[in-house]
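Q: Got a structure for you, my_file-v3.cif, holding mmCIF, C-alpha atoms.
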data_input
loop_
_atom_site.label_atom_id
_atom_site.label_comp_id
_atom_site.auth_asym_id
_atom_site.auth_seq_id
_atom_site.Cartn_x
_atom_site.Cartn_y
_atom_site.Cartn_z
CA MET A 1 0.00 0.00 0.00
CA PRO A 2 1.59 3.31 -1.05
CA TYR A 3 0.21 5.37 1.84
CA LEU A 4 0.64 4.94 5.58
CA GLU A 5 -2.17 3.82 7.87
CA GLU A 6 -2.34 4.27 11.64
CA ASP A 7 0.20 1.60 12.64
CA GLY A 8 2.75 2.70 10.06
CA PHE A 9 2.35 6.38 10.92
CA ALA A 10 2.61 5.69 14.66
CA LYS A 11 5.89 3.84 14.06
CA LEU A 12 7.21 6.65 11.88
CA LEU A 13 6.52 9.24 14.58
CA LYS A 14 8.66 7.23 17.01
CA THR A 15 11.69 7.51 14.70
CA ASP A 16 13.96 10.40 13.79
CA PHE A 17 12.07 10.88 10.53
CA THR A 18 13.42 13.21 7.87
CA ASP A 19 10.18 13.69 5.89
CA HIS A 20 9.09 17.30 5.53
CA LEU A 21 5.85 16.91 3.58
CA PHE A 22 2.67 15.18 4.84
CA PHE A 23 -0.85 14.74 3.50
CA ILE A 24 -3.29 13.53 6.19
CA PHE A 25 -6.85 12.38 5.44
CA GLY A 26 -9.34 9.65 6.36
CA ASP A 27 -12.76 9.15 7.94
CA ASP A 28 -11.80 9.22 11.64
CA SER A 29 -11.74 12.79 12.93
CA TYR A 30 -10.40 11.81 16.35
CA LEU A 31 -7.42 9.89 14.96
CA LYS A 32 -6.61 12.65 12.46
CA ASP A 33 -6.59 15.32 15.17
CA PHE A 34 -4.60 13.11 17.55
CA TYR A 35 -1.86 12.13 15.13
CA CYS A 36 -1.62 15.53 13.50
CA GLY A 37 -1.07 16.97 16.97
CA ARG A 38 1.68 14.42 17.63
CA LEU A 39 3.35 15.27 14.32
CA VAL A 40 3.30 18.99 15.13
CA ASP A 41 4.71 18.32 18.62
CA ARG A 42 7.52 16.22 17.13
CA THR A 43 8.37 19.06 14.77
CA VAL A 44 8.17 22.18 16.93
CA GLU A 45 8.92 22.71 20.62
CA GLU A 46 5.98 24.09 22.59
CA SER A 47 7.95 27.16 23.69
CA MET A 48 8.74 28.10 20.08
CA LYS A 49 5.34 27.53 18.45
CA LEU A 50 4.58 31.24 18.47
CA PHE A 51 7.45 31.75 16.03
CA ASN A 52 7.79 28.45 14.19
CA TYR A 53 4.25 27.08 13.87
CA HIS A 54 1.85 28.54 11.30
CA VAL A 55 -1.74 27.46 10.57
CA TYR A 56 -3.58 28.23 7.32
CA GLN A 57 -7.35 27.75 7.54
CA ASP A 58 -9.20 26.26 4.57
CA ASP A 59 -8.57 28.27 1.39
CA ASP A 60 -8.06 31.65 3.06
CA THR A 61 -4.40 31.76 1.96
CA SER A 62 -3.01 31.12 -1.52
CA LEU A 63 -0.52 28.30 -2.03
CA ASP A 64 2.02 30.83 -3.29
CA GLU A 65 1.92 32.59 0.08
CA ILE A 66 2.15 29.30 1.98
CA PHE A 67 5.16 28.02 0.06
CA ALA A 68 6.79 31.44 0.31
CA ASP A 69 6.42 31.21 4.10
CA ALA A 70 8.01 27.76 3.95
CA GLU A 71 11.18 29.38 2.66
CA ASN A 72 11.59 31.39 5.88
CA LEU A 73 14.17 30.03 8.27
CA PRO A 74 12.99 28.88 11.72
CA MET A 75 13.81 30.99 14.76
CA MET A 76 16.27 29.33 17.18
CA ALA A 77 15.21 25.85 16.03
CA GLU A 78 15.90 23.31 13.33
CA LYS A 79 12.47 23.35 11.72
CA THR A 80 9.36 25.40 11.19
CA CYS A 81 5.94 23.74 10.80
CA LEU A 82 3.17 24.86 8.44
CA LEU A 83 -0.28 23.29 8.88
CA VAL A 84 -2.51 23.77 5.83
CA ARG A 85 -6.10 22.85 6.69
CA ASN A 86 -8.65 21.70 4.08
CA ASN A 87 -7.09 23.44 1.09
CA PRO A 88 -9.27 22.51 -1.93
CA LEU A 89 -6.76 21.00 -4.34
CA GLN A 90 -9.14 18.48 -5.88
CA ASP A 91 -10.21 20.70 -8.80
CA PHE A 92 -6.70 21.64 -9.94
CA LYS A 93 -6.20 21.60 -13.70
CA LYS A 94 -3.13 20.26 -15.47
CA GLU A 95 -1.15 23.50 -15.29
CA GLN A 96 -2.03 24.03 -11.64
CA LEU A 97 -0.87 20.50 -10.82
CA LYS A 98 2.44 21.16 -12.58
CA GLN A 99 2.92 24.30 -10.48
CA LEU A 100 2.01 22.40 -7.31
CA GLU A 101 4.53 19.69 -8.14
CA GLN A 102 7.24 22.30 -8.59
CA GLN A 103 6.39 23.81 -5.21
CA LEU A 104 6.35 20.44 -3.46
CA SER A 105 9.66 19.38 -5.00
CA ASP A 106 11.40 22.60 -3.89
CA LEU A 107 10.47 22.52 -0.21
CA PRO A 108 13.43 23.40 2.03
CA GLU A 109 14.56 20.82 4.59
CA THR A 110 14.01 23.37 7.36
CA SER A 111 10.23 23.27 6.89
CA VAL A 112 7.64 20.59 7.60
CA VAL A 113 4.45 21.21 5.64
CA ILE A 114 1.28 19.31 6.60
CA PHE A 115 -1.79 19.29 4.37
CA PHE A 116 -4.55 18.25 6.76
CA TYR A 117 -8.15 17.35 5.85
CA ASN A 118 -10.72 17.06 8.63
CA THR A 119 -13.80 18.76 7.14
CA LEU A 120 -13.17 18.36 3.43
CA ASP A 121 -13.64 14.80 2.17
CA VAL A 122 -10.77 13.35 0.16
CA GLU A 123 -11.97 10.89 -2.48
CA TYR A 124 -8.92 8.77 -3.26
CA ASN A 125 -8.72 5.30 -4.78
CA ALA A 126 -5.48 4.12 -6.35
CA THR A 127 -7.21 1.52 -8.53
CA LYS A 128 -10.21 3.57 -9.67
CA SER A 129 -10.84 7.05 -10.94
CA ALA A 130 -11.33 9.41 -8.01
CA LYS A 131 -11.34 13.18 -7.64
CA TRP A 132 -8.18 13.46 -5.57
CA ASN A 133 -6.03 10.82 -7.29
CA ASN A 134 -3.73 13.19 -9.19
CA VAL A 135 -3.15 15.35 -6.12
CA VAL A 136 -2.43 12.39 -3.84
CA LYS A 137 0.04 10.96 -6.39
CA LEU A 138 2.09 14.15 -6.12
CA PHE A 139 2.22 13.94 -2.33
CA LEU A 140 3.18 10.27 -2.52
CA LYS A 141 6.03 11.26 -4.83
CA TYR A 142 7.45 13.96 -2.59
CA GLY A 143 6.29 13.12 0.93
CA GLN A 144 4.15 10.91 3.14
CA VAL A 145 0.44 10.32 2.60
CA VAL A 146 -1.36 9.19 5.77
CA ARG A 147 -4.84 7.67 5.73
CA LEU A 148 -6.53 7.46 9.14
CA ASP A 149 -9.81 5.55 8.90
CA HIS A 150 -11.92 4.11 11.70
CA ARG A 151 -10.24 1.31 13.61
CA SER A 152 -11.76 -2.16 13.42
CA THR A 153 -13.95 -3.19 16.35
CA ALA A 154 -11.39 -5.81 17.40
CA LYS A 155 -8.61 -3.22 17.40
CA ILE A 156 -10.64 -0.70 19.42
CA ALA A 157 -11.55 -3.47 21.87
CA GLY A 158 -7.88 -4.37 22.24
CA MET A 159 -7.11 -0.72 22.99
CA LEU A 160 -9.80 -0.69 25.70
CA VAL A 161 -8.41 -3.89 27.26
CA LYS A 162 -4.99 -2.24 27.55
CA SER A 163 -6.48 1.06 28.69
CA ALA A 164 -8.44 -0.67 31.48
CA LYS A 165 -5.24 -2.26 32.77
CA ASP A 166 -3.55 1.16 32.83
CA ARG A 167 -6.48 2.42 34.93
CA GLY A 168 -6.13 -0.33 37.53
CA THR A 169 -9.03 -2.48 36.35
CA SER A 170 -9.67 -5.04 33.60
CA ILE A 171 -12.10 -5.82 30.81
CA SER A 172 -12.25 -8.85 28.54
CA GLN A 173 -12.15 -8.60 24.75
CA GLY A 174 -15.77 -9.76 24.58
CA GLU A 175 -17.02 -7.22 27.12
CA ALA A 176 -15.01 -4.51 25.37
CA GLN A 177 -16.73 -5.34 22.08
CA TYR A 178 -20.10 -5.24 23.82
CA PHE A 179 -19.22 -1.82 25.23
CA ILE A 180 -18.37 -0.58 21.72
CA GLU A 181 -21.66 -1.98 20.45
CA CYS A 182 -23.51 0.04 23.10
CA VAL A 183 -21.82 3.45 22.77
CA GLY A 184 -20.66 3.40 19.14
CA GLU A 185 -17.26 3.88 17.53
CA ASP A 186 -16.83 7.64 17.82
CA MET A 187 -13.53 7.72 19.66
CA GLN A 188 -14.16 10.83 21.72
CA THR A 189 -17.52 9.55 23.00
CA LEU A 190 -16.08 6.08 23.47
CA LEU A 191 -13.19 7.26 25.65
CA ASN A 192 -15.40 9.56 27.72
CA GLU A 193 -17.83 6.72 28.45
CA PHE A 194 -14.96 4.31 29.14
CA ASN A 195 -13.40 6.63 31.71
CA LYS A 196 -16.77 6.71 33.48
CA LEU A 197 -17.06 2.92 33.31
CA CYS A 198 -13.57 2.34 34.75
CA ALA A 199 -14.27 4.73 37.63
CA PHE A 200 -17.55 2.93 38.35
CA SER A 201 -15.82 -0.48 38.42
CA GLN A 202 -13.62 0.63 41.37
CA GLY A 203 -10.84 -1.74 40.35
CA GLN A 204 -13.12 -4.75 39.81
CA PRO A 205 -13.23 -6.54 36.43
CA VAL A 206 -15.74 -4.83 34.16
CA THR A 207 -18.89 -6.88 33.56
CA LYS A 208 -21.78 -6.60 31.12
CA GLU A 209 -23.99 -5.53 34.04
CA MET A 210 -21.63 -2.63 34.79
CA ILE A 211 -21.75 -1.56 31.15
CA ASP A 212 -25.54 -1.66 31.12
CA ALA A 213 -25.64 0.35 34.35
CA THR A 214 -23.31 3.15 33.23
CA ALA A 215 -22.97 3.35 29.45
CA VAL A 216 -25.22 5.74 27.56
CA LYS A 217 -26.31 3.67 24.58
CA THR A 218 -26.68 5.25 21.18
CA VAL A 219 -30.18 5.26 19.70
CA GLU A 220 -28.89 2.93 17.00
CA ALA A 221 -27.61 0.45 19.59
CA SER A 222 -30.84 0.57 21.58
CA VAL A 223 -32.99 0.02 18.49
CA PHE A 224 -30.68 -2.80 17.44
CA ASP A 225 -31.46 -4.42 20.81
CA ILE A 226 -35.16 -4.29 19.90
CA SER A 227 -34.51 -6.22 16.69
CA VAL A 228 -32.27 -8.79 18.40
CA ASN A 229 -34.85 -9.39 21.14
CA ILE A 230 -37.54 -9.91 18.52
CA PHE A 231 -35.33 -12.42 16.70
CA ASN A 232 -34.66 -14.26 19.98
CA GLY A 233 -38.28 -14.29 21.09
CA ASN A 234 -37.72 -11.81 23.97
CA THR A 235 -40.74 -9.70 23.11
CA ASP A 236 -41.10 -8.19 26.58
CA LYS A 237 -37.57 -6.77 26.40
CA ALA A 238 -38.28 -5.41 22.93
CA PHE A 239 -41.41 -3.63 24.21
CA ALA A 240 -39.54 -2.26 27.25
CA THR A 241 -36.66 -0.87 25.17
CA ALA A 242 -39.03 0.72 22.65
CA ASN A 243 -41.11 2.36 25.40
CA GLU A 244 -37.99 3.75 27.06
CA LEU A 245 -36.79 5.26 23.78
CA LEU A 246 -40.17 6.86 23.17
CA ARG A 247 -40.17 8.18 26.74
CA GLN A 248 -36.84 9.85 25.92
CA LYS A 249 -38.55 11.58 22.96
CA THR A 250 -36.73 9.49 20.34
CA ALA A 251 -38.42 9.98 16.96
CA ILE A 252 -40.34 6.88 15.92
CA GLN A 253 -39.16 7.43 12.34
CA SER A 254 -35.54 7.04 13.52
CA MET A 255 -36.42 3.86 15.37
CA LEU A 256 -38.27 2.35 12.42
CA GLY A 257 -35.47 3.36 10.06
CA ALA A 258 -32.85 1.56 12.18
CA MET A 259 -35.04 -1.54 12.41
CA ILE A 260 -35.59 -1.56 8.65
CA SER A 261 -31.81 -1.40 8.23
CA SER A 262 -31.39 -4.54 10.35
CA TYR A 263 -33.98 -6.45 8.35
CA VAL A 264 -32.48 -5.30 5.06
CA ASP A 265 -29.12 -6.67 6.27
CA ILE A 266 -30.81 -9.98 6.98
CA TYR A 267 -32.48 -10.01 3.56
CA ARG A 268 -29.18 -9.34 1.81
CA TYR A 269 -27.46 -12.08 3.76
CA LYS A 270 -30.23 -14.58 3.03
CA VAL A 271 -29.94 -13.86 -0.70
CA ALA A 272 -26.18 -14.39 -0.45
CA LEU A 273 -26.70 -17.71 1.34
CA ASN A 274 -29.20 -18.85 -1.27
CA ALA A 275 -26.63 -18.00 -3.94
CA GLY A 276 -24.07 -20.25 -2.24
CA LYS A 277 -21.98 -17.36 -0.89
CA GLY A 278 -20.37 -17.19 2.54
CA TYR A 279 -20.24 -14.34 5.04
CA SER A 280 -16.88 -13.04 3.77
CA ASP A 281 -18.30 -12.68 0.25
CA PHE A 282 -21.35 -10.90 1.63
CA ALA A 283 -19.31 -8.55 3.84
CA GLU A 284 -16.99 -7.62 0.98
CA ALA A 285 -19.85 -7.00 -1.45
CA PHE A 286 -21.69 -4.63 0.89
CA GLY A 287 -18.73 -3.10 2.70
CA TYR A 288 -19.52 -4.45 6.17
CA LYS A 289 -16.68 -3.87 8.62
CA GLY A 290 -15.84 -2.96 12.19
CA ASN A 291 -18.71 -2.83 14.65
CA GLN A 292 -21.14 -3.44 11.79
CA SER A 293 -19.63 -6.91 11.28
CA TYR A 294 -19.63 -7.63 15.00
CA ARG A 295 -23.32 -6.77 15.33
CA PHE A 296 -24.20 -8.83 12.33
CA ASN A 297 -23.07 -11.99 14.12
CA LYS A 298 -26.08 -11.51 16.43
CA ILE A 299 -28.65 -11.51 13.66
CA SER A 300 -27.13 -13.85 11.07
CA SER A 301 -28.66 -16.95 12.69
CA PHE A 302 -32.13 -15.46 12.14
CA ALA A 303 -31.31 -15.12 8.44
CA ARG A 304 -30.17 -18.72 8.21
CA LYS A 305 -33.33 -20.02 9.91
CA SER A 306 -35.86 -17.84 8.08
CA SER A 307 -37.18 -17.97 4.54
CA ILE A 308 -36.98 -15.13 2.04
CA GLY A 309 -40.77 -14.83 2.25
CA THR A 310 -40.70 -14.39 6.03
CA ILE A 311 -38.05 -11.69 5.85
CA ARG A 312 -39.92 -9.87 3.09
CA LYS A 313 -43.08 -9.92 5.19
CA ALA A 314 -41.19 -8.37 8.12
CA ILE A 315 -39.84 -5.60 5.88
CA ASP A 316 -43.39 -4.98 4.59
CA ILE A 317 -44.62 -4.65 8.20
CA LEU A 318 -41.92 -2.09 8.94
CA SER A 319 -42.50 -0.19 5.69
CA GLU A 320 -46.22 0.06 6.45
CA ALA A 321 -45.46 1.32 9.96
CA ASP A 322 -43.03 3.88 8.55
CA VAL A 323 -45.67 5.21 6.15
CA ARG A 324 -48.25 5.40 8.94
CA SER A 325 -45.82 7.26 11.21
CA LYS A 326 -45.37 9.94 8.54
CA SER A 327 -48.87 10.19 7.11
CA THR A 328 -51.24 9.73 10.07
CA ARG A 329 -51.60 10.95 13.63
CA ALA A 330 -51.30 7.46 15.08
CA ASP A 331 -49.99 7.38 18.64
CA ASP A 332 -46.27 6.50 18.51
CA ALA A 333 -46.43 4.08 21.44
CA ILE A 334 -49.43 2.23 20.01
CA LEU A 335 -47.90 2.09 16.53
CA MET A 336 -44.59 0.75 17.84
CA THR A 337 -46.34 -1.82 20.05
CA GLU A 338 -48.39 -3.06 17.10
CA THR A 339 -45.31 -3.23 14.91
CA ILE A 340 -43.24 -5.21 17.43
CA ALA A 341 -46.15 -7.61 17.98
CA LYS A 342 -46.50 -8.22 14.24
CA LEU A 343 -42.73 -8.71 13.84
CA ALA A 344 -42.67 -11.10 16.78
CA GLY A 345 -45.41 -13.16 15.17
CA CYS A 346 -43.57 -13.09 11.88
CA ALA A 347 -40.32 -14.18 13.55
CA GLN A 348 -41.97 -17.42 14.66
CA ILE A 349 -42.62 -18.36 11.03
CA ARG A 350 -39.46 -19.96 9.76
CA GLN A 351 -40.69 -21.33 6.44
#
Would you write out, as structure tokens, the structure that this file holds?
A:
Amino acid sequence: MPYLEEDGFAKLLKTDFTDHLFFIFGDDSYLKDFYCGRLVDRTVEESMKLFNYHVYQDDDTSLDEIFADAENLPMMAEKTCLLVRNNPLQDFKKEQLKQLEQQLSDLPETSVVIFFYNTLDVEYNATKSAKWNNVVKLFLKYGQVVRLDHRSTAKIAGMLVKSAKDRGTSISQGEAQYFIECVGEDMQTLLNEFNKLCAFSQGQPVTKEMIDATAVKTVEASVFDISVNIFNGNTDKAFATANELLRQKTAIQSMLGAMISSYVDIYRYKVALNAGKGYSDFAEAFGYKGNQSYRFNKISSFARKSSIGTIRKAIDILSEADVRSKSTRADDAILMTETIAKLAGCAQIRQ
């Protein structure tokens, strides 16, 4: 792979690297901010940032000005650092790309220039046509391109296992994955909730009961619990979870939408099974990864046991409820209760 991912970039930052051009992008805002901060700290001493650290927001400054600033010598230090945030290079024409290449190739060794993208999406694919391909190729030629995407669920869980040990407690890989399932994969939210969980454990091994008692579940996770309970025949739990969400003023349209998503996943998987495909083929075809894959393990057995007709009927029930929620003044609690009851009845029909 021509670009660096998290592990490779983390290793690079631990070395006496000589690179002075970086292009950082990806879909994980937390990781991008974290590692960009580490790169800046490795480049410029805190006491000299006022003189040797310069930030250029979005497209407020021309590239000519930025690269001219890069020619300035650092004050009482070996390097100066220039952080260029969200500069829109994706629409550069041929002549502009030639000029950019000239500027990148002439960077002085006393400057570290970081092109950082946290609000502007970078569409890059080395094997297919993508908007940013020509730009990224230039950065690969003259510097380091770093792609920081969401960590896999297993990797995040491993991080939590280690983090719990550092906090004087412990959590198993399985419980860590359950915790991620409950609170989601946004790293900032995840770490905040995990700090609370570790404090609550008071040095005791973290259990599922502790997680349920302290973790603030995402709406998606709570609605997913409704679907899983229906699949497993735990209708009372499904009703209880739905009523609690409605009590918290959760929009019924959001709840129905998340449930439809679960049933569509099941339908897709059933079609794949009927076509003689395995889970890996299915996951690759539909881009399932991370926590999405972990959750799917809980509902895949329902797909294997149910017929296409049964799954279609369940989707029809949910679609009808969704239409009613948007076109009538039906009471949300009554509509959700009716829908869960119908789905529970449907779930008992395997053929």
Q: Care to translate the PyMOL selection byres ((chain A and resi 334) around 12) into actual residues of this file, as a list in words?
A: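 The output of the PyMOL selection byres ((chain A and resi 334) around 12) on this file is Phe239, Ala242, Asn243, Leu246, Ile252, Ala321, Arg324, Ser325, Arg329, Ala330, Asp331, Asp332, Ala333, Leu335, Met336, Thr337, Glu338, Thr339, Ile340 and Ala341 of chain A.
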Q: Looking at A:Leu148, A:Leu138, A:Leu63, A:Ile156, which one is nearest to Lys32 (chain A), with distances taken over all atoms listed in the file?
A: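 Closest candidate: A:Leu148.
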Q: Taking the point (-25.4, -13.8, 3.2) as given in the file, collect each protein or nucleic acid residue that comes within 12 Å of it, counting only C-alpha atoms, and present the set as a PyMOL selection string.
A: chain A and resi 264-286+288+296-297+299-304+308
Q: Could you name the residues that touch Ile24 (chain A) at 9 Å or less, counting all atoms listed in the file, but leaving out those on the same chain fewer than 3 positions away, as a list of chain:residue names?
A: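 Residues near the query, excluding close chain neighbours: A:Lys32, A:Cys36, A:Ile114, A:Phe115, A:Phe116, A:Tyr117, A:Asn118, A:Gln144, A:Val145, A:Val146, A:Arg147, A:Leu148.
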Q: Quick one, how far is CA of Arg85 (chain A) from CA of Thr153 (chain A)?
A: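 These two atoms are separated by 28.9 Å.
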Q: From the options A:Leu50, A:Val44, A:Ala221, A:Val206, which residue's atoms come nearest to Lys165 (chain A), counting only C-alpha atoms?
A: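 Of A:Leu50, A:Val44, A:Ala221, A:Val206, the one nearest Lys165 (chain A), counting only C-alpha atoms, is A:Val206.
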Q: For region 147-170 of chain A versus region 3-11 of chain A, which residues have an atom no more than 12 Å away, and what is each residue's nearest atom pair and distance in Å rounded to one decimal, using all atoms listed in the file, chain-then-number order, as JSON lines?
A:
{"residue": "A:Arg147", "atom": "CA", "partner": "A:Glu5", "partner_atom": "CA", "distance": 5.2}
{"residue": "A:Leu148", "atom": "CA", "partner": "A:Glu5", "partner_atom": "CA", "distance": 5.8}
{"residue": "A:Asp149", "atom": "CA", "partner": "A:Glu5", "partner_atom": "CA", "distance": 7.9}
{"residue": "A:His150", "atom": "CA", "partner": "A:Glu6", "partner_atom": "CA", "distance": 9.6}
{"residue": "A:Arg151", "atom": "CA", "partner": "A:Glu6", "partner_atom": "CA", "distance": 8.7}
{"residue": "A:Ser152", "atom": "CA", "partner": "A:Glu6", "partner_atom": "CA", "distance": 11.5}
{"residue": "A:Lys155", "atom": "CA", "partner": "A:Asp7", "partner_atom": "CA", "distance": 11.1}
Q: Report as a list in words all protein, DNA and RNA residues lying within 10 Å of Lys131 (chain A), evaluated on all atoms listed in the file, omitting residues in the same chain fewer than 2 positions from it.
A: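 Skipping anything fewer than 2 positions along the chain leaves Leu89, Gln90, Asp91, Phe92, Val122, Glu123, Tyr124, Asn125, Lys128, Ser129, Asn133, Asn134, Val135 and Val136 of chain A.
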Q: Since we have the selection now, will you write its residues out, keeping C-alpha atoms, as a JSON list (two decimals), keeping the file's coordinate frame?
A:
[["chain", "number", "residue", "atom", "x", "y", "z"],
["A", 89, "LEU", "CA", -6.76, 21.00, -4.34],
["A", 90, "GLN", "CA", -9.14, 18.48, -5.88],
["A", 91, "ASP", "CA", -10.21, 20.70, -8.80],
["A", 92, "PHE", "CA", -6.70, 21.64, -9.94],
["A", 122, "VAL", "CA", -10.77, 13.35, 0.16],
["A", 123, "GLU", "CA", -11.97, 10.89, -2.48],
["A", 124, "TYR", "CA", -8.92, 8.77, -3.26],
["A", 125, "ASN", "CA", -8.72, 5.30, -4.78],
["A", 128, "LYS", "CA", -10.21, 3.57, -9.67],
["A", 129, "SER", "CA", -10.84, 7.05, -10.94],
["A", 133, "ASN", "CA", -6.03, 10.82, -7.29],
["A", 134, "ASN", "CA", -3.73, 13.19, -9.19],
["A", 135, "VAL", "CA", -3.15, 15.35, -6.12],
["A", 136, "VAL", "CA", -2.43, 12.39, -3.84]]
Q: At what distance in Å, to one decimal, does CA of Leu104 (chain A) lie from CA of Phe139 (chain A)?
A: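 Between these atoms lies a distance of 7.8 Å.
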Q: Interatomic distance between CA of Met75 (chain A) and CA of Phe51 (chain A)?
A: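 That distance, rounded to one decimal, is 6.5 Å.
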